[in-house]
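Chemist: First the structure, then my questions, so here it is.
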Amino acid sequence: MTDPLAQLAAQLLAQEAWTEAVASASQAGLVAASSDGTIEWINPLGAALAFKTAEDLIGQPVKSLIPAFPRSGDAVANIGGAPPEAFEAWVARKDRVAVPIRLSVVRVLRRGEELFVVGFHSIGQQLETEQQLRESEGRFGTLVQRAPDGLLVIQEGRIAFSNPALAGLLGPVEGRDVADLFHARVRDELA
């Protein structure tokens with residue numbers, strides 16, 4: 001008969017090996033830190049996103065992931081306290097170029113010890129796309145505001161927006177039922 005304690009230890013080791021394999025293959029950077037904020041483990045992508053090696057990071061404070069940007073490091077440095085669920089920060093590449101990342105922090109218990117698992121990924125492309133969208137919306141808004149033709153937006157039968165050219169023709173129309181813009185005979189035909 002096998003010793004139940006030995007069986008449990010073998011199962012625990014197998015579970016830890018499985019967990020590490022899954023975390024290592026993750027599409028996000030993952031860091032496990034002790035309750036005092038010391039990095040105990042980091043997956044390969046996490047080290048790559050931090051522009052360092054795992055050996056350079058293990059044993060270091062979590063805030064060492066983002067040393068060049070103390071404002072964004074404040075939230076990470078708070079690990080061991082009550083970290084926020086998710087936040088954005090910056091890491092510095094070796095050439096000191098700033099790279100934006102999004103981090104999520106989760107508290108876990110391992111063998112009765114509190115750990116923090118930090119997941120993070122690069123959001124540079126996302127931020128760039130959001131900026132391009134804002135610029136495009138601004139250009140479109142300028143075009144609509146300056147258009148010589150009256151333009152309006154209808155939502156659920158009501159006028160949600162009108163440009164200055166339409167307001168110059170009809171006066172203020174926002175909030176009105178779109179049918180109010182038509183002659184009574186036309187409204188009857190549309191109904």
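Residues in the structure tokens are named by chain (A, B, ... in the order shown) and by number from 1 within that chain; ligands are numbered from 1 in the order shown.
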Based on DSSP run over this structure's backbone, return all residues of chain A in strand (DSSP E), as a PyMOL selection string.
Modeler: chain A and resi 29-34+39-42+86-92+98-110+113-122+152-155+158-162
Chemist: Which residues come within 12 Å of A:Arg146, counting only C-alpha atoms, excluding same-chain residues fewer than 2 positions away, as a PyMOL selection string?
Modeler: chain A and resi 139-144+148-151+162-166
Chemist: Do you know which residues are at most 10 Å from A:Glu114 counting only C-alpha atoms, after dropping those on the same chain fewer than 6 positions away, and could you put them as a list of chain:residue names?
Modeler: A:Ala33, A:Ser34, A:Ser35, A:Asp36, A:Gly80, A:Arg107, A:Val108
Chemist: Closest to A:Gly29 among A:Thr53, A:Ala147, A:Ile159, A:Phe120, using only C-alpha atoms?
Modeler: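 Among the listed residues, A:Phe120 lies closest to A:Gly29.
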Chemist: Return the single residue from A:Gly119, A:Gly157, A:Arg110, A:Glu16 that is closest to A:Leu45, with distances computed using only C-alpha atoms.
Modeler: A:Gly119
